[in-house]
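A short write-up of the structure that comes next.
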2 protein chains.
Amino acid sequence: MRSAIEMFPRQEKLSEADGPQYLALRDHIALNIEIGRLLPGSRLPSERQFQSEAGIARGTIRQALSQLEAEGLIYRRDRSGWYVSPPAITYDPMRWAGFMAYVAEQGRVPATTTLEKSIRPATAALADIFRVAPGASLYEIRRRRMIDGRSVLVERITVDPALAPDLLSHSLDGSLTDILKSEYGVTVARNRVDMRPCALVRDAAEALGVHSGTPGLLVVRTSFDASGRVVEYDQEYWRHDAIRVHVDLTVREETIPPK
Amino acid sequence: MRSAIEMFPRQEKLSEADGPQYLALRDHIALNIEIGRLLPGSRLPSERQFQSEAGIARGTIRQALSQLEAEGLIYRRDRSGWYVSPPAITYDPMRWAGFMAYVAEQGRVPATTTLEKSIRPATAALADIFRVAPGASLYEIRRRRMIDGRSVLVERITVDPALAPDLLSHSLDGSLTDILKSEYGVTVARNRVDMRPCALVRDAAEALGVHSGTPGLLVVRTSFDASGRVVEYDQEYWRHDAIRVHVDLTVREETIPPK
DNA sequence: GAGTGGTCTAGACCACCTT
DNA sequence: AGGTGGTCTAGACCACTCA
């Protein structure tokens with residue numbers, strides 16, 4: 001059996017210069033990706049193929065693959081194989097026009113699946129954000145979003161029913177911002193965005209079909225209308241290799257720090 | 001020998017309910033951190049202590065620890081041990097007043113080490129950014145910055161000598177923005193910030209004293225003055241557990257997409 | 001049903017940090 | 001000098017995917 005992509009043509013050797021073996025293998029695979037011998041979306045040889053071709057223990061192979069995954073160069077599909085990562089999408093919280101429009105604008109194919117719509121009592125944290133009483137009813141929407149057929153984020157959106165009564169009866173597979181605008185006349189005047197690297201675990205990992213512990217990016221977006229009411233509170237868990245954030249802004253003069 | 005922090009008091013067992021062992025151990029350690037039995041900065045028991053106390057193979061222990069590292073809950077000091085991560089610092093590109101001021105404002109102790117100052121010929125990419133001829137001389141500064149004694153980022157700053165002649169003769173261990181302002185009258189009117197999750201490898205990993213492949217966040221900041229000239233081009237490699245990004249902005253109306 | 005990655009074991013030797 | 005994490009081996013069995 002011969003791999004579709006020949007990773008070690010003509011008994012090509014890994015450089016033995018210095019450093020650990022797994023980094024040498026990492027470099028070898030990374031090079032193959034850079035020069036285009038391995039294209040985005042294509043599958044790498046199996047771990048056991050590497051094992052026999054490179055003569056390295058499987059644990060070491062997996063170390064190299066995990067390193068490449070951490071760098072965002074490759075990703076895994078559970079019990080299927082390792083694949084070269086497609087390019088990341090650029091996310092601009094300032095020009096945010098909705099995921100669907102955004103992804104399409106960059107020449108990719110977006111898709112959305114609504115995982116769950118529910119009414120939930122406000123937790124203490126959410127009550128504080130929405131300025132409602134703890135335990136008050138809030139809409140909660142969980143969605144998964146895809147680019148070119150690959151799941152790239154899961155999100156949990158919270159909306160105050162007072163602003164958008166009967167919201168859950170609409171189809172939420174498109175742009176929520178559009179629905180809020182066209183159906184309820186609610187527009188976003190201000191966005192507060194928090195971002196931090198995280199790991200995708202448990203629910204998020206399961207929904208994205210990724211290995212628990214895969215690195216990710218958590219983007220929390222709080223949208224306000226012109227009168228300062230919270231329109232939407234959105235927690236997005238992104239695959240780390242699928243997103244780049246771009247912000248272009250004029251510098252605000254240092255004033256009294258807000259509290 | 002008894003560990004300073006008793007992780008398994010009274011023969012406490014790991015939950016055997018379901019899922020892999022390494023996640024059970026992860027949960028166990030995470031719980032100890034949450035309830036404050038393990039405080040930020042404190043050292044975890046050694047891998048071999050876990051091995052004997054929990055009766056699990058060392059490879060499995062390391063899997064649990066790596067997971068916690070990916071989540072940002074713990075970090076390692078090379079060949080010294082595993083430690084509980086301190087809280088992250090909040091970074092606001094809009095209110096950027098310099099790392100030193102910023103960190104101090106959040107009650108932490110900042111420090112900066114200049115690793116290298118040099119004059120380098122502009123690469124094609126840099127020439128394009130600064131609108132100079134390829135090969136033209138540019139200042140390059142490499143610095144490492146610390147919070148409470150822990151290295152959290154390394155950066156590579158590029159400045160056009162035309163805007164700040166003789167810049168390298170100044171001490172660069174403080175705020176570069178301050179120097180540009182007070183010594184050269186250059187102020188920043190606009191910032192372009194790009195962020196993406198990455199892995200810390202090679203130089204960056206070495207400078208931060210982290211394991212190659214540790215997750216990180218790359219922040220690229222391009223600063224412009226009022227006339228649109230590039231003042232500073234800064235690539236910052238952050239430890240992923242040390243930073244949160246916060247942006248608060250008014251939504252820009254959709255206009256012609258810039259190209 | 002064959003092949004894949006996911007998990008786990010029980011060792012080993014090394015480079016380096018710490019005291 | 002002793003202990004630590006870093007690397008690596010050579011197996012094993014399992015759950016799951018895919019054809």
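Just remember, in the structure tokens the first chain shown is A, the second B, etc., residues are 1-based per chain, and ligands are 1-based in the order shown.
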
What's around segment 206-220 of chain B at 7 Å? Count only C-alpha atoms (C1' of nucleotides), leave out sequence neighbours fewer than 5 positions away in its own chain, and write the answer as a PDB file with N, CA, C and O atoms, in the first residue's frame.
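Result saved to result-v2.pdb:
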ATOM      1  N   GLN A  67       1.849  19.115  17.607  1.00  0.00           N
ATOM      2  CA  GLN A  67       2.526  20.401  17.488  1.00  0.00           C
ATOM      3  C   GLN A  67       1.987  21.171  16.283  1.00  0.00           C
ATOM      4  O   GLN A  67       1.663  22.360  16.367  1.00  0.00           O
ATOM      5  N   ALA A  70      -1.343  22.529  17.048  1.00  0.00           N
ATOM      6  CA  ALA A  70      -1.260  23.715  17.895  1.00  0.00           C
ATOM      7  C   ALA A  70      -0.904  24.948  17.077  1.00  0.00           C
ATOM      8  O   ALA A  70      -1.346  26.051  17.366  1.00  0.00           O
TER       9      ALA A  70
ATOM     10  N   ALA B  70      -3.255  23.801  28.024  1.00  0.00           N
ATOM     11  CA  ALA B  70      -3.979  24.325  26.863  1.00  0.00           C
ATOM     12  C   ALA B  70      -5.133  25.212  27.298  1.00  0.00           C
ATOM     13  O   ALA B  70      -5.475  26.190  26.636  1.00  0.00           O
ATOM     14  N   ARG B  77       7.475  25.431  33.944  1.00  0.00           N
ATOM     15  CA  ARG B  77       8.797  26.036  33.844  1.00  0.00           C
ATOM     16  C   ARG B  77       9.745  24.893  33.541  1.00  0.00           C
ATOM     17  O   ARG B  77       9.809  23.906  34.291  1.00  0.00           O
ATOM     18  N   ASP B  78      10.453  25.055  32.440  1.00  0.00           N
ATOM     19  CA  ASP B  78      11.240  23.959  31.885  1.00  0.00           C
ATOM     20  C   ASP B  78      12.058  23.212  32.927  1.00  0.00           C
ATOM     21  O   ASP B  78      12.881  23.799  33.624  1.00  0.00           O
ATOM     22  N   SER B 151       7.784  35.957  32.229  1.00  0.00           N
ATOM     23  CA  SER B 151       7.800  36.436  30.850  1.00  0.00           C
ATOM     24  C   SER B 151       6.456  36.145  30.196  1.00  0.00           C
ATOM     25  O   SER B 151       5.987  35.015  30.217  1.00  0.00           O
ATOM     26  N   VAL B 152       5.842  37.173  29.632  1.00  0.00           N
ATOM     27  CA  VAL B 152       4.533  36.962  29.022  1.00  0.00           C
ATOM     28  C   VAL B 152       4.501  37.262  27.534  1.00  0.00           C
ATOM     29  O   VAL B 152       3.613  36.804  26.835  1.00  0.00           O
ATOM     30  N   LEU B 153       5.469  38.041  27.053  1.00  0.00           N
ATOM     31  CA  LEU B 153       5.475  38.294  25.617  1.00  0.00           C
ATOM     32  C   LEU B 153       6.862  38.651  25.121  1.00  0.00           C
ATOM     33  O   LEU B 153       7.681  39.184  25.858  1.00  0.00           O
ATOM     34  N   VAL B 154       7.119  38.330  23.875  1.00  0.00           N
ATOM     35  CA  VAL B 154       8.288  38.865  23.180  1.00  0.00           C
ATOM     36  C   VAL B 154       7.771  39.610  21.969  1.00  0.00           C
ATOM     37  O   VAL B 154       6.776  39.214  21.363  1.00  0.00           O
ATOM     38  N   VAL B 193      -4.836  46.622  14.290  1.00  0.00           N
ATOM     39  CA  VAL B 193      -4.447  45.493  15.126  1.00  0.00           C
ATOM     40  C   VAL B 193      -4.953  44.193  14.524  1.00  0.00           C
ATOM     41  O   VAL B 193      -6.130  44.086  14.180  1.00  0.00           O
ATOM     42  N   ASP B 194      -4.065  43.258  14.359  1.00  0.00           N
ATOM     43  CA  ASP B 194      -4.452  41.915  13.921  1.00  0.00           C
ATOM     44  C   ASP B 194      -4.084  40.926  15.002  1.00  0.00           C
ATOM     45  O   ASP B 194      -3.002  41.010  15.579  1.00  0.00           O
ATOM     46  N   MET B 195      -4.992  40.000  15.260  1.00  0.00           N
ATOM     47  CA  MET B 195      -4.740  39.004  16.297  1.00  0.00           C
ATOM     48  C   MET B 195      -5.066  37.629  15.780  1.00  0.00           C
ATOM     49  O   MET B 195      -6.065  37.454  15.097  1.00  0.00           O
ATOM     50  N   ARG B 196      -4.224  36.684  16.133  1.00  0.00           N
ATOM     51  CA  ARG B 196      -4.605  35.309  15.828  1.00  0.00           C
ATOM     52  C   ARG B 196      -3.913  34.356  16.796  1.00  0.00           C
ATOM     53  O   ARG B 196      -2.772  34.588  17.196  1.00  0.00           O
ATOM     54  N   PRO B 197      -4.638  33.314  17.151  1.00  0.00           N
ATOM     55  CA  PRO B 197      -4.020  32.274  17.962  1.00  0.00           C
ATOM     56  C   PRO B 197      -2.850  31.677  17.195  1.00  0.00           C
ATOM     57  O   PRO B 197      -2.876  31.603  15.969  1.00  0.00           O
ATOM     58  N   CYS B 198      -1.823  31.312  17.892  1.00  0.00           N
ATOM     59  CA  CYS B 198      -0.666  30.711  17.239  1.00  0.00           C
ATOM     60  C   CYS B 198      -0.011  29.740  18.213  1.00  0.00           C
ATOM     61  O   CYS B 198      -0.504  29.512  19.310  1.00  0.00           O
ATOM     62  N   ALA B 199       1.094  29.174  17.814  1.00  0.00           N
ATOM     63  CA  ALA B 199       1.904  28.395  18.737  1.00  0.00           C
ATOM     64  C   ALA B 199       3.222  29.120  18.896  1.00  0.00           C
ATOM     65  O   ALA B 199       3.715  29.737  17.966  1.00  0.00           O
ATOM     66  N   LEU B 200       3.765  29.066  20.091  1.00  0.00           N
ATOM     67  CA  LEU B 200       5.063  29.675  20.339  1.00  0.00           C
ATOM     68  C   LEU B 200       6.137  28.661  20.001  1.00  0.00           C
ATOM     69  O   LEU B 200       6.201  27.598  20.624  1.00  0.00           O
ATOM     70  N   VAL B 201       6.927  28.979  19.003  1.00  0.00           N
ATOM     71  CA  VAL B 201       7.945  28.039  18.561  1.00  0.00           C
ATOM     72  C   VAL B 201       9.275  28.748  18.405  1.00  0.00           C
ATOM     73  O   VAL B 201       9.349  29.963  18.369  1.00  0.00           O
ATOM     74  N   ASP B 234       4.656  46.438  15.069  1.00  0.00           N
ATOM     75  CA  ASP B 234       4.988  45.663  16.254  1.00  0.00           C
ATOM     76  C   ASP B 234       4.337  44.285  16.221  1.00  0.00           C
ATOM     77  O   ASP B 234       3.121  44.166  16.128  1.00  0.00           O
ATOM     78  N   GLN B 235       5.177  43.266  16.296  1.00  0.00           N
ATOM     79  CA  GLN B 235       4.653  41.898  16.364  1.00  0.00           C
ATOM     80  C   GLN B 235       4.873  41.368  17.775  1.00  0.00           C
ATOM     81  O   GLN B 235       6.022  41.221  18.204  1.00  0.00           O
ATOM     82  N   GLU B 236       3.787  41.096  18.465  1.00  0.00           N
ATOM     83  CA  GLU B 236       3.883  40.629  19.843  1.00  0.00           C
ATOM     84  C   GLU B 236       3.428  39.176  19.962  1.00  0.00           C
ATOM     85  O   GLU B 236       2.323  38.839  19.588  1.00  0.00           O
ATOM     86  N   TYR B 237       4.305  38.354  20.507  1.00  0.00           N
ATOM     87  CA  TYR B 237       3.936  36.963  20.767  1.00  0.00           C
ATOM     88  C   TYR B 237       3.659  36.802  22.252  1.00  0.00           C
ATOM     89  O   TYR B 237       4.564  36.908  23.067  1.00  0.00           O
ATOM     90  N   TRP B 238       2.410  36.574  22.587  1.00  0.00           N
ATOM     91  CA  TRP B 238       1.985  36.460  23.982  1.00  0.00           C
ATOM     92  C   TRP B 238       1.790  35.000  24.394  1.00  0.00           C
ATOM     93  O   TRP B 238       1.340  34.183  23.599  1.00  0.00           O
ATOM     94  N   ARG B 239       2.098  34.736  25.641  1.00  0.00           N
ATOM     95  CA  ARG B 239       1.637  33.480  26.243  1.00  0.00           C
ATOM     96  C   ARG B 239       0.122  33.524  26.226  1.00  0.00           C
ATOM     97  O   ARG B 239      -0.473  34.531  26.596  1.00  0.00           O
ATOM     98  N   HIS B 240      -0.500  32.440  25.878  1.00  0.00           N
ATOM     99  CA  HIS B 240      -1.950  32.498  25.721  1.00  0.00           C
ATOM    100  C   HIS B 240      -2.698  32.690  27.033  1.00  0.00           C
ATOM    101  O   HIS B 240      -3.800  33.213  27.054  1.00  0.00           O
TER     102      HIS B 240
END

Residues of chain B near chain C: apply a cut-off of 10 Å, count only C-alpha atoms (C1' of nucleotides), and supply the list as a CSV table (one decimal) with all heavy atoms, in the first residue's frame.
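Final file, selection08.csv:
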chain,number,residue,atom,x,y,z
B,20,PRO,N,-12.2,9.3,29.5
B,20,PRO,CA,-10.8,8.9,29.7
B,20,PRO,C,-10.2,9.3,31.1
B,20,PRO,O,-10.7,10.3,31.7
B,20,PRO,CB,-10.0,9.6,28.6
B,20,PRO,CG,-10.9,10.6,28.1
B,20,PRO,CD,-12.3,10.3,28.4
B,21,GLN,N,-9.3,8.6,31.6
B,21,GLN,CA,-8.6,8.8,32.9
B,21,GLN,C,-8.0,10.2,32.9
B,21,GLN,O,-8.0,10.9,34.0
B,21,GLN,CB,-7.5,7.8,33.1
B,21,GLN,CG,-8.0,6.4,33.4
B,21,GLN,CD,-6.8,5.5,33.7
B,21,GLN,OE1,-5.9,5.9,34.4
B,21,GLN,NE2,-6.8,4.3,33.2
B,22,TYR,N,-7.4,10.6,31.8
B,22,TYR,CA,-6.6,11.9,31.9
B,22,TYR,C,-7.6,13.0,32.1
B,22,TYR,O,-7.2,14.0,32.8
B,22,TYR,CB,-5.8,12.1,30.6
B,22,TYR,CG,-6.5,12.5,29.4
B,22,TYR,CD1,-6.6,13.9,29.1
B,22,TYR,CD2,-6.9,11.6,28.5
B,22,TYR,CE1,-7.3,14.3,28.0
B,22,TYR,CE2,-7.6,12.0,27.3
B,22,TYR,CZ,-7.7,13.4,27.1
B,22,TYR,OH,-8.4,13.8,25.9
B,56,ILE,N,-1.3,6.0,38.0
B,56,ILE,CA,-1.5,6.1,36.6
B,56,ILE,C,-0.2,6.3,35.9
B,56,ILE,O,0.7,6.8,36.5
B,56,ILE,CB,-2.4,7.4,36.3
B,56,ILE,CG1,-3.8,7.3,37.0
B,56,ILE,CG2,-2.6,7.6,34.8
B,56,ILE,CD1,-4.6,8.5,36.8
B,57,ALA,N,-0.1,5.8,34.6
B,57,ALA,CA,1.2,5.9,33.9
B,57,ALA,C,1.5,7.4,33.7
B,57,ALA,O,0.7,8.2,33.6
B,57,ALA,CB,1.1,5.2,32.6
B,58,ARG,N,2.8,7.6,33.6
B,58,ARG,CA,3.3,9.0,33.5
B,58,ARG,C,2.8,9.7,32.3
B,58,ARG,O,2.5,10.9,32.3
B,58,ARG,CB,4.8,9.1,33.6
B,58,ARG,CG,5.3,10.5,33.9
B,58,ARG,CD,6.8,10.5,34.2
B,58,ARG,NE,7.4,11.7,33.7
B,58,ARG,CZ,8.5,11.8,33.0
B,58,ARG,NH1,9.2,10.7,32.7
B,58,ARG,NH2,9.0,13.0,32.7
B,59,GLY,N,2.7,9.0,31.2
B,59,GLY,CA,2.3,9.5,29.9
B,59,GLY,C,0.8,10.1,30.1
B,59,GLY,O,0.5,11.1,29.5
B,60,THR,N,0.0,9.3,30.8
B,60,THR,CA,-1.4,9.8,31.0
B,60,THR,C,-1.4,11.0,31.9
B,60,THR,O,-2.2,11.9,31.6
B,60,THR,CB,-2.1,8.6,31.7
B,60,THR,OG1,-2.0,7.5,30.9
B,60,THR,CG2,-3.6,9.0,31.8
B,77,ARG,N,7.5,25.4,33.9
B,77,ARG,CA,8.8,26.0,33.8
B,77,ARG,C,9.7,24.9,33.5
B,77,ARG,O,9.8,23.9,34.3
B,77,ARG,CB,9.2,26.7,35.2
B,77,ARG,CG,8.3,27.9,35.4
B,77,ARG,CD,9.1,29.1,36.0
B,77,ARG,NE,9.9,28.8,37.1
B,77,ARG,CZ,9.5,29.1,38.4
B,77,ARG,NH1,8.3,29.8,38.6
B,77,ARG,NH2,10.2,28.8,39.4
B,78,ASP,N,10.5,25.1,32.4
B,78,ASP,CA,11.2,24.0,31.9
B,78,ASP,C,12.1,23.2,32.9
B,78,ASP,O,12.9,23.8,33.6
B,78,ASP,CB,12.2,24.5,30.8
B,78,ASP,CG,12.7,23.4,29.9
B,78,ASP,OD1,11.9,22.6,29.4
B,78,ASP,OD2,14.0,23.3,29.8
B,79,ARG,N,11.8,21.9,33.0
B,79,ARG,CA,12.6,21.0,33.9
B,79,ARG,C,12.5,21.5,35.4
B,79,ARG,O,13.4,21.1,36.2
B,79,ARG,CB,14.0,20.9,33.4
B,79,ARG,CG,14.2,19.7,32.5
B,79,ARG,CD,15.5,19.8,31.8
B,79,ARG,NE,15.3,20.5,30.5
B,79,ARG,CZ,15.2,19.8,29.4
B,79,ARG,NH1,15.4,18.6,29.3
B,79,ARG,NH2,15.0,20.5,28.3
B,80,SER,N,11.5,22.3,35.7
B,80,SER,CA,11.4,22.7,37.1
B,80,SER,C,10.1,22.2,37.7
B,80,SER,O,10.1,21.7,38.7
B,80,SER,CB,11.5,24.3,37.2
B,80,SER,OG,10.9,24.7,38.3
B,81,GLY,N,9.0,22.4,36.9
B,81,GLY,CA,7.8,21.9,37.4
B,81,GLY,C,6.6,22.6,36.8
B,81,GLY,O,6.7,23.4,35.9

For chain D versus chain B, which residues have an atom no more than 8 Å away, and what is each residue's nearest atom pair and distance in Å rounded to one decimal, using only C-alpha atoms (C1' of nucleotides), chain-then-number order, as CSV?
residue,atom,partner,partner_atom,distance
D:DT4,C1',B:Arg79,CA,5.1
D:DG5,C1',B:Arg79,CA,4.2
D:DG6,C1',B:Arg79,CA,7.7

Write to file, as a compact mmCIF listing (two decimals), in the first residue's frame, the residues of the selection just made, with C-alpha atoms (C1' of nucleotides).
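Result file is result.txt:
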# COMPACT_ATOMS: atom_id res chain seq x y z
C1' DT D 4 12.51 17.39 37.46
C1' DG D 5 10.48 17.51 33.12
C1' DG D 6 11.65 16.20 27.96

>> Give me, as a PyMOL selection string, all polymer residues having an atom no more than 9 Å from segment 94-108 of chain A, counting only C-alpha atoms (C1' of nucleotides) and skipping those fewer than 6 positions away in the same chain.
In response: (chain A and resi 145+147-148+174-178+191+246-249) or (chain B and resi 249-255)

>> When DSSP is applied to the backbone of this structure, which of segment 20-100 of chain B are assigned helix (DSSP H, G or I)? Write them out as a PyMOL selection string.
In response: chain B and resi 21-34+47-55+58-71+99-100

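One distance worth recording is that between atom CA of Asp241 of chain B and atom CA of Leu73 of chain B, which is 7.5 Å.
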
> segment 97-218 of chain A: which residues are strand (DSSP E) by DSSP, as a ChimeraX atom specification?
Replying inline: /A:110-121,137-147,150-159,190-200,214-218

> segment 126-141 of chain A: which residues within 6 Å, counting only C-alpha atoms (C1' of nucleotides), same-chain residues fewer than 5 positions away excluded, as a list in words?
Replying inline: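 Everything that qualifies: Glu116, Lys117, Ser118, Ile119, Arg120, Pro121, Arg156, Ile157, Thr158, Val159, Asp160 and Val230 of chain A.
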
Any chance you can output those residues with N, CA, C and O atoms as a PDB file, in the first residue's frame?
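Dumped to part32.pdb:
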ATOM      1  N   GLU A 116     -30.163  24.565  19.385  1.00  0.00           N
ATOM      2  CA  GLU A 116     -31.102  24.598  20.500  1.00  0.00           C
ATOM      3  C   GLU A 116     -31.668  26.003  20.642  1.00  0.00           C
ATOM      4  O   GLU A 116     -30.957  26.993  20.523  1.00  0.00           O
ATOM      5  N   LYS A 117     -32.976  26.080  20.853  1.00  0.00           N
ATOM      6  CA  LYS A 117     -33.590  27.348  21.208  1.00  0.00           C
ATOM      7  C   LYS A 117     -34.332  27.110  22.514  1.00  0.00           C
ATOM      8  O   LYS A 117     -35.074  26.138  22.634  1.00  0.00           O
ATOM      9  N   SER A 118     -34.142  28.001  23.463  1.00  0.00           N
ATOM     10  CA  SER A 118     -34.823  27.775  24.737  1.00  0.00           C
ATOM     11  C   SER A 118     -35.045  29.073  25.494  1.00  0.00           C
ATOM     12  O   SER A 118     -34.460  30.107  25.163  1.00  0.00           O
ATOM     13  N   ILE A 119     -35.899  28.952  26.482  1.00  0.00           N
ATOM     14  CA  ILE A 119     -36.109  30.073  27.393  1.00  0.00           C
ATOM     15  C   ILE A 119     -35.528  29.661  28.733  1.00  0.00           C
ATOM     16  O   ILE A 119     -35.846  28.594  29.246  1.00  0.00           O
ATOM     17  N   ARG A 120     -34.645  30.498  29.280  1.00  0.00           N
ATOM     18  CA  ARG A 120     -33.970  30.119  30.512  1.00  0.00           C
ATOM     19  C   ARG A 120     -34.017  31.250  31.526  1.00  0.00           C
ATOM     20  O   ARG A 120     -33.997  32.415  31.161  1.00  0.00           O
ATOM     21  N   PRO A 121     -34.022  30.882  32.778  1.00  0.00           N
ATOM     22  CA  PRO A 121     -33.942  31.917  33.816  1.00  0.00           C
ATOM     23  C   PRO A 121     -32.545  32.531  33.837  1.00  0.00           C
ATOM     24  O   PRO A 121     -31.555  31.830  33.668  1.00  0.00           O
ATOM     25  N   ARG A 156     -23.364  30.667  21.858  1.00  0.00           N
ATOM     26  CA  ARG A 156     -24.498  30.705  22.750  1.00  0.00           C
ATOM     27  C   ARG A 156     -24.932  32.163  22.828  1.00  0.00           C
ATOM     28  O   ARG A 156     -24.206  33.007  23.340  1.00  0.00           O
ATOM     29  N   ILE A 157     -26.106  32.444  22.281  1.00  0.00           N
ATOM     30  CA  ILE A 157     -26.593  33.817  22.220  1.00  0.00           C
ATOM     31  C   ILE A 157     -27.716  33.998  23.227  1.00  0.00           C
ATOM     32  O   ILE A 157     -28.587  33.141  23.360  1.00  0.00           O
ATOM     33  N   THR A 158     -27.669  35.104  23.928  1.00  0.00           N
ATOM     34  CA  THR A 158     -28.741  35.431  24.858  1.00  0.00           C
ATOM     35  C   THR A 158     -29.383  36.743  24.431  1.00  0.00           C
ATOM     36  O   THR A 158     -28.681  37.695  24.076  1.00  0.00           O
ATOM     37  N   VAL A 159     -30.722  36.750  24.411  1.00  0.00           N
ATOM     38  CA  VAL A 159     -31.478  37.938  24.014  1.00  0.00           C
ATOM     39  C   VAL A 159     -32.604  38.160  25.020  1.00  0.00           C
ATOM     40  O   VAL A 159     -33.213  37.198  25.497  1.00  0.00           O
ATOM     41  N   ASP A 160     -32.855  39.403  25.324  1.00  0.00           N
ATOM     42  CA  ASP A 160     -33.943  39.737  26.231  1.00  0.00           C
ATOM     43  C   ASP A 160     -35.269  39.707  25.459  1.00  0.00           C
ATOM     44  O   ASP A 160     -35.426  40.437  24.489  1.00  0.00           O
ATOM     45  N   VAL A 230     -28.761  46.351  26.287  1.00  0.00           N
ATOM     46  CA  VAL A 230     -28.078  45.199  25.705  1.00  0.00           C
ATOM     47  C   VAL A 230     -29.020  44.492  24.740  1.00  0.00           C
ATOM     48  O   VAL A 230     -30.111  44.056  25.114  1.00  0.00           O
TER      49      VAL A 230
END

>> One decimal, in Å: what's the spacing between atom CA of Leu25 of chain A and atom CA of Ala64 of chain A?
In response: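 A separation of 6.2 Å between them.
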
> Between atom CA of Ala54 of chain A and atom C1' of DG11 of chain D, what is the spacing in Å?
Replying inline: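 Calculated distance between atom C1' of DG11 of chain D and atom CA of Ala54 of chain A is 17.8 Å.
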
> Excluding same-chain residues fewer than 4 positions from Asp173 of chain B, what lies within 8 Å of it counting only C-alpha atoms (C1' of nucleotides), as an MDAnalysis selection string?
Replying inline: chainID B and resid 111:114
